[in-house]
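A.B. asks: This is the structure I want to talk about, given as structure tokens.
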Amino acid sequence: MRSAKDFFAPLAVGAPAPVREIPARPSRAIHFFDPSNEKMAAKIPQMVGTVDVLLGNLEDAVKADNKVAAREGLVRIATETSFGPTQLWTRINSLDSPWVLDDLTTLVPAIGHKLDVIMVPKVQGAEDIHYIDRILAQLEAKAGLERPILVHAILETARGVANIEEICGASPRMQGLSLGPADLAADRRMKTTRVGGGHPGYLVRQDPPRDADGTALIDADRTTYQQDLWHYTIARMVDACAMHGIYPYYGPFGDIADVVACEDQFRNAFLLGCVGTWSLHPKQIAIANRVFSPSVEDIRHARRVVAAMGDGTGAVMLDGKMEDDASLKQCLVMVELAEELAAIDPELKKQYDTIEAEGERA
């Protein structure tokens, strides 16, 4: 059993010291690209600054014959590209695959100084994170890296969800979790073939009307309401991440053409506490950037509450509603997020600055 005092000690001689707090870097959209696809790779330099995270995908969607090309392509792209405010992540192959060890031993020495986060698929428990943790420390020490690479786990199995708290607390490297709905649905034996989103068969139905004698009219028209298949898992993921000071993300939304349902699903995740989502197509970046950024109206109200609450004690009335210390905490979450996003998104900063201008004119 490892002593708690050793938790923040490097796992290899010469490795960088583990971080004690995961930085709150905006990551509204994690945009996936295939480094072996020359057409995709050519667009990466132009995407820097337009998306919070660019992720070179080495796992699913990359054919077995292209694994080496994808790995080498990511090294080339990272070497030749200045990423500025955009983070560079990668998703390695699963830990039971024949490619994962080569992924790590190639990427860390070559581009570890540019990699912010390594995403690990199909994490089952803390033992998977411990394995990655030790290997990364050894490779970082050998490469002379000055900062540790963070780790992000994907929830894609029932066992992973059952072990979610121990996964979150397995290492100081843990940056966050993402929902992997397709693999998770298969592992749970859910009866859906959709990648994320709702399902028209998962619904509740309005009670039947009754005739004059009180008989229920079962066959009458009754409104139905489609439910969210992923509400439980997302809520559990958000709680586990909040408990351990790391960040929850919605995963992929596979129906690229249905931008309306995509935005709805992203907003549900945002309201529940997720900080971002995956993007599988450039059109989803704009949706994610919009949804995972607090609206001007929300920030206007939040700033009013912060100003009215003064030292944060007691209660005030604004627009006929009571605001107290709990309200202040909610508003500070929004204000702090707005400040973080404004620092990297000039267009968003302009929108938030209009609130200050309104205050000056008032």
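Residues in the structure tokens are named by chain (A, B, ... in the order shown) and by number from 1 within that chain; ligands are numbered from 1 in the order shown.
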Per DSSP on the backbone, what are the alpha helix (DSSP H) residues of segment 109-291 of chain A, as JSON, numbers by chain?
C.D. replies: {"A": [109, 110, 111, 126, 127, 128, 129, 130, 131, 132, 133, 134, 135, 136, 137, 138, 139, 140, 141, 142, 143, 158, 159, 160, 161, 162, 164, 165, 166, 167, 168, 181, 182, 183, 184, 185, 186, 187, 188, 231, 232, 233, 234, 235, 236, 237, 238, 239, 240, 241, 242, 243, 244, 259, 260, 261, 262, 263, 264, 265, 266, 267, 268, 269, 270, 271, 272, 282, 283, 284, 285, 286, 287, 288, 289, 290, 291]}
A.B. asks: For Ile132 of chain A, please output as a ChimeraX atom specification all residues within 12 Å (counting only C-alpha atoms; exclusion window: fewer than 5 positions along the same chain).
C.D. replies: /A:11,92,94-95,100-101,103-105,118-121,123,125-127,137-140,149-153,170-171,173-174
A.B. asks: Generate a file of the selected residues that holds N, CA, C and O atoms, formatted as a tab-separated table (two decimals), in the first residue's frame.
C.D. replies:
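After the write, selection16.tsv holds the following:
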chain	number	residue	atom	x	y	z
A	11	LEU	N	7.59	9.05	-10.14
A	11	LEU	CA	7.63	7.59	-10.17
A	11	LEU	C	8.89	7.05	-10.84
A	11	LEU	O	9.05	5.84	-10.97
A	92	ILE	N	-3.98	7.41	-27.63
A	92	ILE	CA	-3.17	6.24	-27.95
A	92	ILE	C	-4.09	5.03	-28.16
A	92	ILE	O	-5.28	5.08	-27.90
A	94	SER	N	-5.50	1.19	-27.35
A	94	SER	CA	-5.90	0.60	-26.08
A	94	SER	C	-4.76	-0.21	-25.49
A	94	SER	O	-3.86	-0.68	-26.19
A	95	LEU	N	-4.79	-0.37	-24.17
A	95	LEU	CA	-3.68	-1.00	-23.46
A	95	LEU	C	-3.52	-2.48	-23.78
A	95	LEU	O	-2.45	-3.05	-23.51
A	100	VAL	N	0.21	-0.01	-28.55
A	100	VAL	CA	0.25	1.04	-27.54
A	100	VAL	C	1.66	1.31	-27.03
A	100	VAL	O	2.04	2.47	-26.80
A	101	LEU	N	2.47	0.29	-26.84
A	101	LEU	CA	3.81	0.52	-26.31
A	101	LEU	C	4.64	1.34	-27.28
A	101	LEU	O	5.38	2.25	-26.88
A	103	ASP	N	3.39	3.42	-29.40
A	103	ASP	CA	2.84	4.79	-29.34
A	103	ASP	C	3.59	5.61	-28.29
A	103	ASP	O	4.06	6.72	-28.56
A	104	LEU	N	3.70	5.05	-27.09
A	104	LEU	CA	4.31	5.79	-25.98
A	104	LEU	C	5.81	5.99	-26.17
A	104	LEU	O	6.33	7.09	-25.96
A	105	THR	N	6.51	4.94	-26.56
A	105	THR	CA	7.98	5.04	-26.67
A	105	THR	C	8.40	5.88	-27.87
A	105	THR	O	9.53	6.36	-27.92
A	118	ILE	N	-2.39	12.87	-22.83
A	118	ILE	CA	-2.55	11.59	-23.52
A	118	ILE	C	-3.88	10.98	-23.08
A	118	ILE	O	-4.11	10.78	-21.89
A	119	MET	N	-4.73	10.71	-24.05
A	119	MET	CA	-6.04	10.12	-23.79
A	119	MET	C	-5.92	8.60	-23.89
A	119	MET	O	-5.41	8.07	-24.87
A	120	VAL	N	-6.40	7.92	-22.86
A	120	VAL	CA	-6.29	6.46	-22.79
A	120	VAL	C	-7.68	5.85	-22.95
A	120	VAL	O	-8.58	6.12	-22.16
A	121	PRO	N	-7.89	5.01	-23.98
A	121	PRO	CA	-9.21	4.42	-24.20
A	121	PRO	C	-9.47	3.23	-23.29
A	121	PRO	O	-8.56	2.59	-22.77
A	123	VAL	N	-10.47	2.51	-20.29
A	123	VAL	CA	-9.88	2.36	-18.96
A	123	VAL	C	-10.85	1.59	-18.07
A	123	VAL	O	-12.02	1.94	-17.94
A	125	GLY	N	-9.92	0.39	-14.70
A	125	GLY	CA	-9.73	0.65	-13.28
A	125	GLY	C	-8.44	1.39	-13.03
A	125	GLY	O	-7.71	1.75	-13.96
A	126	ALA	N	-8.12	1.60	-11.75
A	126	ALA	CA	-6.92	2.35	-11.38
A	126	ALA	C	-5.66	1.68	-11.90
A	126	ALA	O	-4.67	2.36	-12.19
A	127	GLU	N	-5.67	0.34	-12.03
A	127	GLU	CA	-4.46	-0.36	-12.47
A	127	GLU	C	-4.03	0.08	-13.87
A	127	GLU	O	-2.83	0.12	-14.17
A	137	ALA	N	6.47	8.26	-16.58
A	137	ALA	CA	7.54	8.80	-15.73
A	137	ALA	C	8.91	8.35	-16.23
A	137	ALA	O	9.86	9.14	-16.30
A	138	GLN	N	9.03	7.08	-16.59
A	138	GLN	CA	10.30	6.56	-17.08
A	138	GLN	C	10.70	7.23	-18.40
A	138	GLN	O	11.86	7.62	-18.59
A	139	LEU	N	9.74	7.37	-19.29
A	139	LEU	CA	10.03	7.98	-20.59
A	139	LEU	C	10.32	9.47	-20.45
A	139	LEU	O	11.19	10.02	-21.15
A	140	GLU	N	9.60	10.15	-19.56
A	140	GLU	CA	9.86	11.58	-19.33
A	140	GLU	C	11.26	11.79	-18.77
A	140	GLU	O	11.98	12.72	-19.17
A	149	ILE	N	3.37	14.91	-18.58
A	149	ILE	CA	2.25	14.83	-19.50
A	149	ILE	C	1.04	14.34	-18.71
A	149	ILE	O	1.13	13.39	-17.93
A	150	LEU	N	-0.09	14.98	-18.90
A	150	LEU	CA	-1.30	14.61	-18.17
A	150	LEU	C	-2.02	13.45	-18.87
A	150	LEU	O	-1.76	13.16	-20.05
A	151	VAL	N	-2.92	12.81	-18.14
A	151	VAL	CA	-3.62	11.63	-18.64
A	151	VAL	C	-5.13	11.86	-18.56
A	151	VAL	O	-5.64	12.38	-17.56
A	152	HIS	N	-5.82	11.45	-19.62
A	152	HIS	CA	-7.27	11.57	-19.72
A	152	HIS	C	-7.83	10.17	-20.02
A	152	HIS	O	-7.34	9.49	-20.93
A	153	ALA	N	-8.82	9.75	-19.27
A	153	ALA	CA	-9.38	8.41	-19.43
A	153	ALA	C	-10.75	8.47	-20.10
A	153	ALA	O	-11.54	9.38	-19.84
A	170	ALA	N	-6.48	7.96	-9.28
A	170	ALA	CA	-5.38	7.02	-9.43
A	170	ALA	C	-4.01	7.66	-9.57
A	170	ALA	O	-3.00	7.05	-9.26
A	171	SER	N	-3.97	8.91	-10.03
A	171	SER	CA	-2.67	9.56	-10.27
A	171	SER	C	-2.83	11.07	-10.29
A	171	SER	O	-3.87	11.58	-10.72
A	173	ARG	N	-1.57	12.78	-12.39
A	173	ARG	CA	-1.63	13.12	-13.81
A	173	ARG	C	-3.05	13.23	-14.34
A	173	ARG	O	-3.26	13.78	-15.43
A	174	MET	N	-4.01	12.68	-13.63
A	174	MET	CA	-5.37	12.63	-14.18
A	174	MET	C	-5.91	14.02	-14.48
A	174	MET	O	-6.06	14.86	-13.60
A.B. asks: Taking only C-alpha atoms into account, which of A:Val62, A:Ala162, A:Leu145, A:Ala110 comes nearest Asp34 of chain A?
C.D. replies: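 Of the candidates, the smallest distance to Asp34 of chain A is held by A:Val62.
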A.B. asks: Quick one, how far is atom CA of Cys274 of chain A from atom CA of Tyr250 of chain A?
C.D. replies: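 Those two atoms sit 6.6 Å apart.
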A.B. asks: Tell me which of A:Ile135, A:Ala78, A:Leu155, A:Leu280 sits closest to Asp183 of chain A, counting only C-alpha atoms.
C.D. replies: A:Leu155
A.B. asks: Could you list, as a PyMOL selection string, every residue within 12 Å of Met40 of chain A, counting only C-alpha atoms and ignoring same-chain residues fewer than 6 positions away?
C.D. replies: chain A and resi 31-34+46-47+54-57+70+73-74+77+280-282
A.B. asks: Would you export the selected residues with N, CA, C and O atoms as a PDB file, in the first residue's frame, please?
C.D. replies:
ATOM      1  N   HIS A  31     -10.892  18.463 -30.879  1.00  0.00           N
ATOM      2  CA  HIS A  31     -11.111  18.103 -32.283  1.00  0.00           C
ATOM      3  C   HIS A  31     -10.180  16.978 -32.705  1.00  0.00           C
ATOM      4  O   HIS A  31      -8.960  17.101 -32.669  1.00  0.00           O
ATOM      5  N   PHE A  32     -10.781  15.861 -33.123  1.00  0.00           N
ATOM      6  CA  PHE A  32     -10.039  14.673 -33.515  1.00  0.00           C
ATOM      7  C   PHE A  32      -9.607  14.771 -34.982  1.00  0.00           C
ATOM      8  O   PHE A  32     -10.398  15.174 -35.844  1.00  0.00           O
ATOM      9  N   PHE A  33      -8.368  14.364 -35.243  1.00  0.00           N
ATOM     10  CA  PHE A  33      -7.919  14.250 -36.628  1.00  0.00           C
ATOM     11  C   PHE A  33      -7.034  13.019 -36.771  1.00  0.00           C
ATOM     12  O   PHE A  33      -6.416  12.557 -35.812  1.00  0.00           O
ATOM     13  N   ASP A  34      -7.019  12.472 -37.974  1.00  0.00           N
ATOM     14  CA  ASP A  34      -6.217  11.294 -38.297  1.00  0.00           C
ATOM     15  C   ASP A  34      -4.880  11.755 -38.864  1.00  0.00           C
ATOM     16  O   ASP A  34      -4.835  12.277 -39.983  1.00  0.00           O
ATOM     17  N   GLN A  46      -3.757  25.666 -39.998  1.00  0.00           N
ATOM     18  CA  GLN A  46      -4.780  26.701 -40.106  1.00  0.00           C
ATOM     19  C   GLN A  46      -5.823  26.610 -38.992  1.00  0.00           C
ATOM     20  O   GLN A  46      -6.538  27.579 -38.726  1.00  0.00           O
ATOM     21  N   MET A  47      -5.906  25.453 -38.337  1.00  0.00           N
ATOM     22  CA  MET A  47      -6.897  25.276 -37.276  1.00  0.00           C
ATOM     23  C   MET A  47      -6.386  25.755 -35.921  1.00  0.00           C
ATOM     24  O   MET A  47      -7.166  25.931 -34.989  1.00  0.00           O
ATOM     25  N   LEU A  54      -6.489  20.236 -30.236  1.00  0.00           N
ATOM     26  CA  LEU A  54      -6.334  19.394 -31.419  1.00  0.00           C
ATOM     27  C   LEU A  54      -5.794  18.055 -30.946  1.00  0.00           C
ATOM     28  O   LEU A  54      -4.780  18.001 -30.247  1.00  0.00           O
ATOM     29  N   LEU A  55      -6.470  16.966 -31.326  1.00  0.00           N
ATOM     30  CA  LEU A  55      -6.099  15.639 -30.855  1.00  0.00           C
ATOM     31  C   LEU A  55      -5.753  14.739 -32.030  1.00  0.00           C
ATOM     32  O   LEU A  55      -6.602  14.468 -32.884  1.00  0.00           O
ATOM     33  N   GLY A  56      -4.503  14.286 -32.060  1.00  0.00           N
ATOM     34  CA  GLY A  56      -4.078  13.321 -33.056  1.00  0.00           C
ATOM     35  C   GLY A  56      -4.526  11.935 -32.639  1.00  0.00           C
ATOM     36  O   GLY A  56      -4.047  11.396 -31.639  1.00  0.00           O
ATOM     37  N   ASN A  57      -5.447  11.356 -33.398  1.00  0.00           N
ATOM     38  CA  ASN A  57      -6.057  10.083 -33.036  1.00  0.00           C
ATOM     39  C   ASN A  57      -5.250   8.925 -33.599  1.00  0.00           C
ATOM     40  O   ASN A  57      -4.998   8.855 -34.810  1.00  0.00           O
ATOM     41  N   ALA A  70       0.076   6.836 -38.868  1.00  0.00           N
ATOM     42  CA  ALA A  70      -0.574   7.821 -38.002  1.00  0.00           C
ATOM     43  C   ALA A  70       0.379   8.304 -36.922  1.00  0.00           C
ATOM     44  O   ALA A  70       0.467   9.511 -36.623  1.00  0.00           O
ATOM     45  N   GLY A  73       2.992  10.384 -38.524  1.00  0.00           N
ATOM     46  CA  GLY A  73       2.383  11.638 -38.968  1.00  0.00           C
ATOM     47  C   GLY A  73       2.187  12.610 -37.827  1.00  0.00           C
ATOM     48  O   GLY A  73       2.393  13.823 -37.983  1.00  0.00           O
ATOM     49  N   LEU A  74       1.803  12.098 -36.663  1.00  0.00           N
ATOM     50  CA  LEU A  74       1.617  12.974 -35.507  1.00  0.00           C
ATOM     51  C   LEU A  74       2.941  13.590 -35.075  1.00  0.00           C
ATOM     52  O   LEU A  74       3.006  14.781 -34.728  1.00  0.00           O
ATOM     53  N   ILE A  77       3.672  16.352 -37.616  1.00  0.00           N
ATOM     54  CA  ILE A  77       2.804  17.518 -37.444  1.00  0.00           C
ATOM     55  C   ILE A  77       3.199  18.317 -36.207  1.00  0.00           C
ATOM     56  O   ILE A  77       3.298  19.549 -36.235  1.00  0.00           O
ATOM     57  N   LEU A 280     -15.941  15.745 -34.098  1.00  0.00           N
ATOM     58  CA  LEU A 280     -15.579  14.793 -35.142  1.00  0.00           C
ATOM     59  C   LEU A 280     -15.570  15.433 -36.523  1.00  0.00           C
ATOM     60  O   LEU A 280     -15.153  14.806 -37.500  1.00  0.00           O
ATOM     61  N   HIS A 281     -16.043  16.669 -36.604  1.00  0.00           N
ATOM     62  CA  HIS A 281     -16.114  17.399 -37.875  1.00  0.00           C
ATOM     63  C   HIS A 281     -15.982  18.887 -37.550  1.00  0.00           C
ATOM     64  O   HIS A 281     -16.470  19.340 -36.495  1.00  0.00           O
ATOM     65  N   PRO A 282     -15.338  19.659 -38.430  1.00  0.00           N
ATOM     66  CA  PRO A 282     -15.158  21.097 -38.130  1.00  0.00           C
ATOM     67  C   PRO A 282     -16.444  21.829 -37.784  1.00  0.00           C
ATOM     68  O   PRO A 282     -16.424  22.775 -36.985  1.00  0.00           O
TER      69      PRO A 282
END
A.B. asks: I need the residue nearest Thr50 of chain A from this list: A:Ala288, A:Ala186, A:Tyr225, A:Leu337. Use only C-alpha atoms for the distance.
C.D. replies: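 Of all the options, A:Ala288 lies closest to Thr50 of chain A.
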A.B. asks: List as a ChimeraX atom specification the protein and nucleic acid residues near Leu332 of chain A, meaning an atom at most 12 Å away when only C-alpha atoms are counted, but skip any in the same chain fewer than 4 places from it.
C.D. replies: /A:294,298-307,309,312,325-328,336-339
